[in-house]
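Q: Below is the file target14.txt, which contains compact mmCIF, C-alpha atoms.
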```txt
# COMPACT_ATOMS: atom_id res chain seq x y z
CA MET A 1 -111.35 4.02 40.35
CA MET A 2 -107.93 4.19 41.94
CA LYS A 3 -106.46 7.61 42.61
CA LYS A 4 -102.99 8.27 41.18
CA ASN A 5 -100.79 9.79 43.85
CA PHE A 6 -97.23 9.13 42.74
CA THR A 7 -95.40 10.04 39.54
CA LEU A 8 -92.96 7.52 38.15
CA TYR A 9 -89.59 9.12 37.48
CA SER A 10 -87.15 6.28 37.03
CA CYS A 11 -87.18 2.57 36.32
CA LEU A 12 -84.58 -0.12 36.89
CA TRP A 13 -85.16 -3.12 34.64
CA GLU A 14 -83.39 -6.48 34.97
CA LEU A 15 -83.79 -8.10 31.55
CA THR A 16 -82.09 -11.38 32.41
CA LEU A 17 -80.40 -13.09 35.32
CA LYS A 18 -78.02 -14.81 32.93
CA CYS A 19 -74.45 -13.71 33.58
CA ASN A 20 -70.98 -14.57 32.35
CA LEU A 21 -69.30 -13.81 35.68
CA ASN A 22 -69.77 -15.02 39.24
CA CYS A 23 -68.96 -12.06 41.48
CA ILE A 24 -68.55 -12.56 45.20
CA HIS A 25 -70.82 -9.63 46.04
CA CYS A 26 -73.64 -10.28 43.56
CA GLY A 27 -76.88 -9.51 45.39
CA SER A 28 -79.06 -11.29 42.87
CA VAL A 29 -76.89 -14.43 42.64
CA ALA A 30 -76.82 -14.03 38.87
CA GLY A 31 -75.49 -16.70 36.55
CA THR A 32 -78.23 -18.95 35.26
CA VAL A 33 -81.18 -17.66 33.28
CA ARG A 34 -84.45 -17.68 35.25
CA LYS A 35 -87.27 -19.91 34.05
CA GLN A 36 -89.96 -17.99 32.15
CA GLU A 37 -88.04 -14.75 31.70
CA LEU A 38 -89.98 -12.14 29.72
CA THR A 39 -89.82 -12.63 25.95
CA LEU A 40 -88.86 -9.83 23.62
CA ASP A 41 -92.53 -9.29 22.68
CA GLU A 42 -93.53 -9.15 26.33
CA CYS A 43 -90.70 -6.70 27.02
CA LEU A 44 -91.82 -4.43 24.20
CA ARG A 45 -95.34 -4.41 25.65
CA VAL A 46 -93.93 -3.49 29.07
CA ALA A 47 -91.78 -0.80 27.42
CA ASP A 48 -94.96 0.69 26.02
CA GLU A 49 -96.48 0.74 29.49
CA ILE A 50 -93.38 2.49 30.85
CA VAL A 51 -93.68 5.13 28.13
CA ASN A 52 -97.36 5.64 28.96
CA LEU A 53 -96.49 6.19 32.61
CA ASN A 54 -94.27 9.12 31.52
CA CYS A 55 -91.18 7.61 33.09
CA LYS A 56 -88.16 9.89 32.55
CA GLU A 57 -85.14 7.64 33.06
CA LEU A 58 -84.49 3.93 32.78
CA THR A 59 -81.49 1.76 33.55
CA PHE A 60 -81.11 -1.80 32.27
CA ILE A 61 -79.26 -4.30 34.41
CA GLY A 62 -78.75 -8.05 34.53
CA GLY A 63 -77.33 -10.54 35.03
CA GLU A 64 -75.43 -9.29 32.06
CA ILE A 65 -77.61 -7.21 29.79
CA PHE A 66 -75.68 -8.09 26.62
CA LEU A 67 -76.69 -11.74 27.04
CA TYR A 68 -80.35 -10.86 26.41
CA PRO A 69 -80.89 -11.05 22.63
CA GLY A 70 -82.76 -8.00 21.36
CA TRP A 71 -82.10 -5.75 24.37
CA GLU A 72 -81.21 -2.93 22.01
CA LYS A 73 -84.66 -3.07 20.40
CA ILE A 74 -86.31 -2.47 23.78
CA ALA A 75 -83.81 0.26 24.70
CA GLY A 76 -84.13 1.87 21.27
CA TYR A 77 -87.93 1.91 21.56
CA LEU A 78 -87.73 3.65 24.95
CA SER A 79 -85.15 6.19 23.73
CA LYS A 80 -87.26 6.93 20.68
CA HIS A 81 -90.11 7.83 23.01
CA GLY A 82 -88.05 10.35 24.98
CA ILE A 83 -86.89 8.27 27.91
CA ILE A 84 -83.25 8.70 28.93
CA VAL A 85 -81.86 5.17 28.85
CA ASN A 86 -78.61 3.70 30.09
CA LEU A 87 -77.38 0.31 31.22
CA MET A 88 -75.09 -1.39 33.67
CA SER A 89 -72.69 -4.07 32.46
CA ASN A 90 -69.69 -5.97 33.78
CA GLY A 91 -67.97 -4.87 30.56
CA PHE A 92 -66.69 -8.34 29.78
CA ARG A 93 -68.48 -8.72 26.50
CA ILE A 94 -68.35 -5.22 25.03
CA GLY A 95 -66.89 -5.35 21.53
CA LYS A 96 -67.69 -3.94 18.12
CA ASN A 97 -71.12 -5.60 17.86
CA GLU A 98 -72.15 -4.29 21.28
CA ILE A 99 -70.99 -0.79 20.34
CA GLU A 100 -73.29 -0.95 17.31
CA GLN A 101 -76.16 -2.07 19.56
CA ILE A 102 -75.45 0.77 21.99
CA ARG A 103 -75.51 3.27 19.14
CA TYR A 104 -78.77 1.82 17.84
CA ALA A 105 -80.29 2.07 21.32
CA ASN A 106 -79.16 5.71 21.65
CA LEU A 107 -78.07 5.31 25.27
CA SER A 108 -77.19 8.33 27.41
CA ASN A 109 -74.22 6.46 28.85
CA VAL A 110 -72.91 2.99 29.49
CA GLY A 111 -72.25 2.01 33.08
CA ILE A 112 -69.42 -0.41 33.82
CA SER A 113 -68.81 -2.15 37.14
CA LEU A 114 -65.24 -1.67 38.29
CA ASP A 115 -64.30 -2.66 41.82
CA GLY A 116 -60.58 -2.17 42.12
CA THR A 117 -57.15 -2.38 40.66
CA GLU A 118 -56.51 -5.38 38.42
CA MET A 119 -55.76 -7.93 41.13
CA ILE A 120 -58.55 -6.87 43.49
CA HIS A 121 -61.12 -6.46 40.74
CA ASN A 122 -60.39 -9.87 39.26
CA GLN A 123 -60.55 -11.43 42.71
CA ILE A 124 -63.98 -9.91 43.37
CA ARG A 125 -65.24 -10.79 39.89
CA GLY A 126 -63.86 -14.31 39.98
CA ASN A 127 -62.22 -14.04 36.56
CA LYS A 128 -58.58 -13.30 35.80
CA HIS A 129 -59.45 -11.51 32.55
CA SER A 130 -62.21 -9.31 33.91
CA PHE A 131 -60.10 -6.17 34.43
CA SER A 132 -58.39 -6.37 31.04
CA ARG A 133 -61.75 -6.83 29.33
CA ILE A 134 -62.99 -3.68 31.03
CA GLN A 135 -59.96 -1.80 29.73
CA GLN A 136 -60.87 -3.09 26.28
CA ALA A 137 -64.48 -1.94 26.79
CA PHE A 138 -63.29 1.53 27.86
CA ASN A 139 -61.24 1.75 24.65
CA PHE A 140 -64.18 0.74 22.46
CA LEU A 141 -66.54 3.17 24.21
CA ASN A 142 -64.12 6.08 24.05
CA GLU A 143 -63.38 5.41 20.42
CA ALA A 144 -67.11 5.53 19.73
CA LYS A 145 -67.47 8.67 21.90
CA ILE A 146 -70.04 6.99 24.13
CA PRO A 147 -70.16 8.53 27.64
CA ILE A 148 -68.93 6.13 30.31
CA GLY A 149 -70.17 5.75 33.86
CA VAL A 150 -68.62 3.46 36.44
CA VAL A 151 -70.14 1.87 39.52
CA THR A 152 -67.88 0.64 42.29
CA SER A 153 -69.26 -1.68 44.94
CA LEU A 154 -67.33 -1.17 48.14
CA LEU A 155 -66.22 -3.97 50.41
CA ALA A 156 -63.64 -4.13 53.16
CA LEU A 157 -61.15 -5.52 50.66
CA ASN A 158 -61.35 -2.76 48.03
CA TYR A 159 -61.97 0.31 50.19
CA GLN A 160 -58.25 1.14 50.13
CA CYS A 161 -58.25 1.12 46.31
CA LEU A 162 -60.42 4.20 45.86
CA GLU A 163 -57.59 6.57 44.96
CA GLU A 164 -56.17 4.10 42.47
CA ILE A 165 -59.57 3.47 40.91
CA TYR A 166 -60.01 7.23 40.60
CA LYS A 167 -56.78 7.48 38.60
CA ILE A 168 -57.90 4.64 36.32
CA LEU A 169 -61.19 6.41 35.68
CA ILE A 170 -59.52 9.74 34.86
CA LYS A 171 -57.18 7.96 32.46
CA ASN A 172 -60.13 6.35 30.70
CA ASN A 173 -62.24 9.47 30.36
CA VAL A 174 -65.00 8.31 32.69
CA ASN A 175 -67.43 11.13 33.39
CA LEU A 176 -69.63 9.61 36.09
CA TRP A 177 -68.68 7.45 39.09
CA GLN A 178 -71.17 6.00 41.52
CA ILE A 179 -69.88 4.47 44.74
CA GLN A 180 -72.14 2.08 46.56
CA LEU A 181 -71.86 -0.13 49.62
CA VAL A 182 -72.42 -3.86 49.36
CA ASN A 183 -75.25 -5.23 51.46
CA PRO A 184 -75.13 -8.68 53.08
CA MET A 185 -77.51 -10.27 50.60
CA GLY A 186 -77.28 -12.82 47.80
CA ASN A 187 -73.72 -14.10 47.46
CA MET A 188 -72.72 -11.86 50.36
CA ALA A 189 -75.27 -13.23 52.81
CA ASP A 190 -72.67 -15.54 54.38
CA LYS A 191 -69.70 -13.17 54.03
CA LYS A 192 -70.58 -10.41 56.47
CA GLU A 193 -66.94 -10.06 57.46
CA LEU A 194 -66.33 -8.50 54.03
CA ILE A 195 -68.90 -5.73 54.51
CA LEU A 196 -67.29 -2.31 54.92
CA ASN A 197 -67.08 -1.16 58.51
CA ARG A 198 -69.21 1.92 58.98
CA LYS A 199 -66.40 3.76 60.73
CA HIS A 200 -65.10 4.43 57.20
CA LEU A 201 -68.25 6.26 56.12
CA PRO A 202 -67.20 9.81 57.08
CA ASP A 203 -63.93 9.38 55.18
CA LEU A 204 -65.76 7.91 52.19
CA ILE A 205 -68.15 10.86 52.11
CA ASP A 206 -65.24 13.29 52.39
CA PHE A 207 -63.55 11.45 49.51
CA ILE A 208 -66.58 11.78 47.24
CA SER A 209 -67.00 15.45 48.04
CA GLU A 210 -63.30 16.18 47.49
CA LYS A 211 -63.18 14.40 44.14
CA ASN A 212 -66.15 16.41 42.94
CA LYS A 213 -64.12 19.55 43.54
CA ASP A 214 -61.51 18.25 41.07
CA LYS A 215 -64.19 18.33 38.33
CA TYR A 216 -62.69 15.45 36.39
CA MET A 217 -65.97 13.59 36.72
CA LEU A 218 -69.19 13.67 38.68
CA VAL A 219 -68.86 11.38 41.69
CA VAL A 220 -72.09 10.36 43.38
CA ALA A 221 -72.90 8.42 46.49
CA ALA A 222 -75.44 5.65 45.98
CA ASP A 223 -78.58 5.60 48.06
CA ASN A 224 -77.03 3.38 50.70
CA VAL A 225 -74.25 5.89 51.45
CA GLY A 226 -75.10 8.67 53.86
CA TYR A 227 -76.41 10.68 55.52
CA TYR A 228 -76.00 14.29 56.67
CA TYR A 229 -72.47 13.90 57.93
CA ASN A 230 -71.84 17.60 57.26
CA ASP A 231 -72.20 20.04 54.35
CA ASN A 232 -70.70 17.33 52.13
CA GLU A 233 -74.25 16.00 51.83
CA THR A 234 -75.03 18.54 49.13
CA HIS A 235 -71.86 17.72 47.19
CA ILE A 236 -72.33 13.96 46.89
CA ARG A 237 -75.85 13.69 45.44
CA GLY A 238 -75.34 14.93 41.92
CA THR A 239 -76.17 18.24 40.29
CA LYS A 240 -79.73 17.98 39.04
CA ALA A 241 -80.99 20.74 41.33
CA PRO A 242 -79.47 23.89 42.84
CA VAL A 243 -79.28 22.08 46.16
CA CYS A 244 -79.28 18.28 46.19
CA PHE A 245 -79.63 16.20 49.28
CA TRP A 246 -80.95 12.86 50.40
CA GLU A 247 -84.68 13.05 50.93
CA GLY A 248 -85.47 9.43 51.65
CA CYS A 249 -85.78 6.20 49.72
CA SER A 250 -87.55 6.60 46.39
CA ALA A 251 -88.63 2.96 46.02
CA GLY A 252 -92.26 2.95 44.99
CA THR A 253 -92.63 6.72 45.25
CA THR A 254 -90.67 7.85 42.18
CA SER A 255 -88.86 4.69 41.11
CA VAL A 256 -89.70 1.12 40.29
CA PHE A 257 -87.89 -2.14 39.55
CA ILE A 258 -88.91 -4.91 37.14
CA ASP A 259 -87.12 -8.27 37.29
CA SER A 260 -86.54 -10.63 34.39
CA VAL A 261 -89.72 -12.66 34.95
CA GLY A 262 -91.87 -9.53 35.30
CA ASN A 263 -92.09 -9.12 39.06
CA VAL A 264 -92.42 -5.49 40.11
CA LYS A 265 -90.84 -4.07 43.25
CA GLY A 266 -89.95 -0.61 44.47
CA CYS A 267 -86.22 -1.33 44.33
CA GLY A 268 -84.04 -3.99 42.78
CA ALA A 269 -82.05 -4.41 45.96
CA LEU A 270 -85.07 -5.45 48.02
CA TYR A 271 -84.34 -9.12 47.46
CA ASP A 272 -87.33 -10.70 49.15
CA GLU A 273 -90.55 -11.97 47.62
CA LYS A 274 -92.59 -10.04 50.14
CA PHE A 275 -91.68 -6.83 48.30
CA ILE A 276 -93.23 -8.03 45.02
CA GLU A 277 -96.25 -5.81 44.28
CA GLY A 278 -97.39 -7.64 41.14
CA ASN A 279 -96.23 -9.18 37.87
CA VAL A 280 -96.49 -7.50 34.48
CA LYS A 281 -97.41 -10.83 32.87
CA ASN A 282 -100.71 -10.73 34.75
CA ILE A 283 -101.45 -7.08 35.33
CA SER A 284 -100.34 -3.84 33.71
CA LEU A 285 -97.49 -1.83 35.19
CA ALA A 286 -99.81 1.17 35.46
CA LYS A 287 -102.25 -0.78 37.61
CA ILE A 288 -99.44 -1.96 39.86
CA TRP A 289 -97.96 1.55 40.12
CA ASN A 290 -101.28 3.28 40.67
CA ASN A 291 -102.58 0.85 43.27
CA LYS A 292 -102.59 3.00 46.40
CA ASN A 293 -102.02 -0.04 48.61
CA ASN A 294 -98.75 -1.00 46.93
CA PHE A 295 -95.27 0.10 48.07
CA SER A 296 -96.81 0.94 51.43
CA TYR A 297 -93.48 0.75 53.26
CA ASN A 298 -92.62 4.08 51.62
CA ARG A 299 -95.90 5.51 50.42
CA LYS A 300 -97.37 5.30 53.91
CA PHE A 301 -94.18 6.18 55.74
CA LYS A 302 -94.44 8.33 58.86
CA THR A 303 -91.53 9.58 60.92
CA ASP A 304 -92.70 7.71 63.99
CA MET A 305 -92.03 4.44 62.13
CA LEU A 306 -88.27 5.04 62.48
CA SER A 307 -86.63 2.67 64.90
CA GLY A 308 -83.35 2.12 66.76
CA HIS A 309 -80.89 4.99 66.54
CA CYS A 310 -82.92 6.58 63.73
CA LYS A 311 -85.94 6.96 66.00
CA ASN A 312 -85.13 10.31 67.57
CA CYS A 313 -82.76 11.64 64.92
CA ASP A 314 -82.98 15.38 64.25
CA VAL A 315 -83.05 14.83 60.46
CA GLY A 316 -85.26 11.72 60.55
CA SER A 317 -88.18 13.52 58.95
CA VAL A 318 -85.99 14.41 55.93
CA CYS A 319 -83.78 11.33 55.67
CA LYS A 320 -86.64 8.94 56.45
CA GLY A 321 -84.20 6.34 57.71
CA GLY A 322 -82.03 5.95 54.63
CA CYS A 323 -81.90 3.08 52.15
CA ARG A 324 -84.63 0.51 52.76
CA ALA A 325 -82.70 -2.36 51.17
CA SER A 326 -79.58 -1.67 53.18
CA ASN A 327 -81.70 -1.42 56.33
CA TYR A 328 -83.54 -4.65 55.60
CA PHE A 329 -80.37 -6.69 55.25
CA MET A 330 -78.27 -4.94 57.88
CA THR A 331 -80.66 -4.23 60.75
CA LYS A 332 -83.66 -6.40 59.79
CA SER A 333 -85.75 -3.25 60.13
CA LEU A 334 -86.74 -1.12 57.15
CA TYR A 335 -86.53 1.97 59.30
CA GLU A 336 -83.12 1.86 60.93
CA ASN A 337 -79.93 2.49 58.96
CA ALA A 338 -76.71 0.72 59.87
CA PHE A 339 -74.38 2.86 57.76
CA CYS A 340 -75.50 6.31 58.87
CA ALA A 341 -72.52 8.65 59.01
CA HIS A 342 -74.20 10.55 61.81
CA PHE A 343 -73.31 7.67 64.10
CA ALA A 344 -70.40 6.11 62.29
CA GLU A 345 -67.57 7.88 64.07
CA ASN A 346 -68.71 7.09 67.58
CA THR A 347 -70.12 3.60 67.34
CA ASP A 348 -68.72 0.15 66.97
CA HIS A 349 -69.17 -2.02 63.93
CA PHE A 350 -72.70 -3.31 63.62
CA PHE A 351 -71.74 -6.95 63.66
CA MET B 1 -92.47 27.56 47.05
CA ALA B 2 -91.62 30.85 45.41
CA SER B 3 -88.33 31.69 43.77
CA PHE B 4 -85.93 33.98 45.59
CA THR B 5 -82.95 36.17 44.82
CA LEU B 6 -79.47 36.40 46.31
CA TYR B 7 -77.29 39.46 45.79
CA LEU B 8 -73.79 38.39 44.83
CA SER B 9 -70.60 39.65 46.41
CA PRO B 10 -67.87 41.02 44.09
CA TRP B 11 -65.83 37.79 44.38
CA GLN B 12 -68.89 35.72 43.47
CA VAL B 13 -69.49 37.88 40.41
CA ARG B 14 -65.87 37.39 39.34
CA LEU B 15 -66.17 33.66 39.93
CA ALA B 16 -69.38 33.47 37.92
CA LYS B 17 -67.89 35.44 35.04
CA ASP B 18 -65.04 32.95 34.84
CA PHE B 19 -67.52 30.14 34.33
CA LEU B 20 -70.16 32.00 32.36
CA PRO B 21 -68.30 34.24 29.94
CA ARG B 22 -70.95 34.09 27.27
CA VAL B 23 -74.18 33.63 29.23
CA VAL B 24 -74.60 37.18 30.50
CA LYS B 25 -72.21 40.09 30.39
CA LYS B 26 -73.35 41.96 33.47
CA PHE B 27 -75.06 40.66 36.58
CA SER B 28 -75.15 41.21 40.31
CA LYS B 29 -77.61 38.68 41.64
CA ILE B 30 -78.84 35.15 41.17
CA LYS B 31 -82.45 34.04 41.09
CA ILE B 32 -83.12 30.53 42.38
CA GLU B 33 -86.21 28.51 41.62
CA PRO B 34 -86.56 25.86 44.31
CA GLY B 35 -88.96 23.65 42.34
CA VAL B 36 -87.94 20.07 42.86
CA ILE B 37 -84.96 20.51 45.10
CA THR B 38 -83.87 16.94 45.43
CA CYS B 39 -82.22 14.65 42.94
CA PRO B 40 -84.44 11.68 42.25
CA ALA B 41 -82.05 8.89 42.91
CA SER B 42 -82.23 5.16 43.14
CA TYR B 43 -80.07 2.08 43.40
CA LYS B 44 -78.75 2.52 39.89
CA ILE B 45 -76.32 4.63 37.98
CA PRO B 46 -77.63 8.15 37.32
CA VAL B 47 -77.80 9.21 33.71
CA ASP B 48 -76.02 12.52 33.91
CA GLY B 49 -72.30 13.08 33.92
CA LEU B 50 -70.18 16.13 34.37
CA SER B 51 -70.19 18.99 31.93
CA LYS B 52 -67.01 21.02 31.68
CA ARG B 53 -68.99 24.05 32.76
CA ASP B 54 -70.61 22.60 35.88
CA TRP B 55 -69.46 24.29 39.07
CA VAL B 56 -70.47 25.20 42.60
CA LEU B 57 -71.24 28.75 43.64
CA TYR B 58 -70.00 28.91 47.22
CA LEU B 59 -72.13 31.13 49.43
CA THR B 60 -71.51 33.55 52.25
CA ASP B 61 -72.84 32.69 55.70
CA GLU B 62 -75.65 35.19 55.24
CA GLN B 63 -76.64 33.67 51.90
CA ILE B 64 -76.47 30.17 53.36
CA ALA B 65 -78.93 31.21 56.05
CA ILE B 66 -81.31 32.58 53.41
CA VAL B 67 -81.11 29.44 51.26
CA GLN B 68 -81.62 27.18 54.28
CA GLU B 69 -84.68 29.16 55.25
CA LYS B 70 -86.15 29.23 51.72
CA PHE B 71 -85.52 25.54 51.12
CA ASN B 72 -86.47 24.67 54.68
CA LEU B 73 -83.20 22.75 54.90
CA LYS B 74 -82.12 20.89 57.98
CA THR B 75 -78.83 19.91 56.43
CA LYS B 76 -75.74 22.10 56.26
CA ILE B 77 -74.84 23.55 52.90
CA SER B 78 -71.95 25.56 51.52
CA GLY B 79 -72.91 26.27 47.92
CA ILE B 80 -75.32 25.91 45.03
CA ASN B 81 -74.88 23.70 41.99
CA ILE B 82 -74.58 25.64 38.75
CA THR B 83 -74.91 23.55 35.60
CA GLU B 84 -75.81 24.28 32.02
CA ALA B 85 -78.96 22.23 32.45
CA LEU B 86 -80.05 24.25 35.49
CA ILE B 87 -79.45 27.53 33.67
CA LYS B 88 -81.32 26.25 30.63
CA SER B 89 -84.24 25.14 32.77
CA LYS B 90 -84.18 28.53 34.55
CA ALA B 91 -83.86 26.85 37.92
CA VAL B 92 -81.01 29.32 38.41
CA ALA B 93 -80.66 32.62 36.62
CA PHE B 94 -77.96 35.27 36.80
CA MET B 95 -79.34 38.79 36.46
```
How does the structure come out when it is put into structure tokens?
A:
Amino acid sequence: MMKKNFTLYSCLWELTLKCNLNCIHCGSVAGTVRKQELTLDECLRVADEIVNLNCKELTFIGGEIFLYPGWEKIAGYLSKHGIIVNLMSNGFRIGKNEIEQIRYANLSNVGISLDGTEMIHNQIRGNKHSFSRIQQAFNFLNEAKIPIGVVTSLLALNYQCLEEIYKILIKNNVNLWQIQLVNPMGNMADKKELILNRKHLPDLIDFISEKNKDKYMLVVAADNVGYYYNDNETHIRGTKAPVCFWEGCSAGTTSVFIDSVGNVKGCGALYDEKFIEGNVKNISLAKIWNNKNNFSYNRKFKTDMLSGHCKNCDVGSVCKGGCRASNYFMTKSLYENAFCAHFAENTDHFF
Amino acid sequence: MASFTLYLSPWQVRLAKDFLPRVVKKFSKIKIEPGVITCPASYKIPVDGLSKRDWVLYLTDEQIAIVQEKFNLKTKISGINITEALIKSKAVAFM
């Protein structure tokens, strides 16, 4: 009998790869539906397994989640069983019908991807109506009193827009803003020149910390932004605990990712088949999660596995080398972080 | 890890009263329950937003040293998150 060592806290679930946009930074190269994506019945069975694992929070992503017929039934089932559920969308399709679905699913919030002012956002999203459709989505969500979150994916070309994005978010009553860096994967694999230079990291961290002082919204740094630049660290990680700080990648230790065909990985951004621990079509999620040999890159992590400039870092035992996905695509090592703010001010760009 | 108590300075009490007018009428210290001290995060949008009553209790240097020792923190800190959810869960308590 396998011993259960890790408690599942959060799940990221990609219901479909089908998408109505073609964004230049899309890590999963979304657009066309995958062959043999999970059916609604299969998804409901998996939802049951997630409930039985006592998962606390779940986020649906795509592709574009609203293109998966019946998503609200899965979300509603999870909400009904006490899981806090939200979703990420490009906002393009949100109208009255989608608002009804969101209400039915009882979501905690709706996350919208917004990457810049109108011109920059539309350029990144590859659609001249993308920004205006988001404005329309904000209006629908606010009218329905549904809490709005926004995720901004930072590139070299939209880094200068942060202040303007902030004003747009205040105007539209957004109460949660996550800022994440784009990794050189998927559509970005051949566009490394667009990746944000890490010399900007200290300023980005200062920006997040400062905006939190305004108290218009909670601004959080994604897992690939960090780490330990100064006392800002405890002001950029949310407010779930008296003191919040980065304590290492949670992939496979408290969080899990399921893709649209049922593959299970520790994190959705680990875009490589070698990180697949199993498939829920063949084996239960509980068996995958409770297999002590799975997710070994984090579950069996030891500080001496850190490499490069992370190897002798004074906070290496706490930070554990940062975001595994970012590391994998930036340094080719899971245990060395390219964006670390500790080094950002005094080192050249990684490329 | 056991809970611990910080005695508040007069300016911290005034600050806390501004944010917590109805929670407690009289207090001079704060009890902190370390529990799970990190925010489980992942490559996704977190579910919680900002409540109007969320704030940060900035600490004195002496208090910072105590918190760093109790939490075994290697990182620098300047304050403690105070939210309705944390008060409700008794992770922080004004006494």
Q: I need the contact residues of chain B against chain A, so if you could list those with any atom within 10 Å, counting all atoms listed in the file, and return them as a PyMOL selection string, that would help.
A: chain B and resi 32-57+67-68+71+73-83+85-87+91-92
Q: Can you pull out every residue within 8 Å of A:Lys96, counting all atoms listed in the file, but drop anything in the same chain fewer than 3 positions away, and send it as a ChimeraX atom specification?
A: /A:99-100,140
Q: Now that the selection is made, can you save its residues with C-alpha atoms as a CSV table (one decimal), in the frame of the given file?
A:
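Writing the result to result-v9.csv gives the following:
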```
chain,number,residue,atom,x,y,z
A,99,ILE,CA,-71.0,-0.8,20.3
A,100,GLU,CA,-73.3,-1.0,17.3
A,140,PHE,CA,-64.2,0.7,22.5
```
Q: Mind pulling up the distance from atom CA of A:Ile283 to atom CA of A:Gln36?
A: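 These atoms are spaced 16.2 Å apart.
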Q: Considering all atoms listed in the file, return as a PyMOL selection string whatever protein or nucleic-acid residues lie within 8 Å of A:Asn187, sequence-local ones (same chain, fewer than 2 positions apart) excluded.
A: chain A and resi 23-29+184-185+189-191
Q: Which residue, A:Leu21, A:Lys265, A:Gly316, A:Leu155, has the smallest gap to A:Asn294 when you use only C-alpha atoms?
A: A:Lys265
Q: Have a look at atom CA of A:Glu42 and atom CA of A:Gly70 and let me know their distance in Å, one decimal.
A: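 Result for atom CA of A:Glu42 versus atom CA of A:Gly70: 11.9 Å, one decimal.
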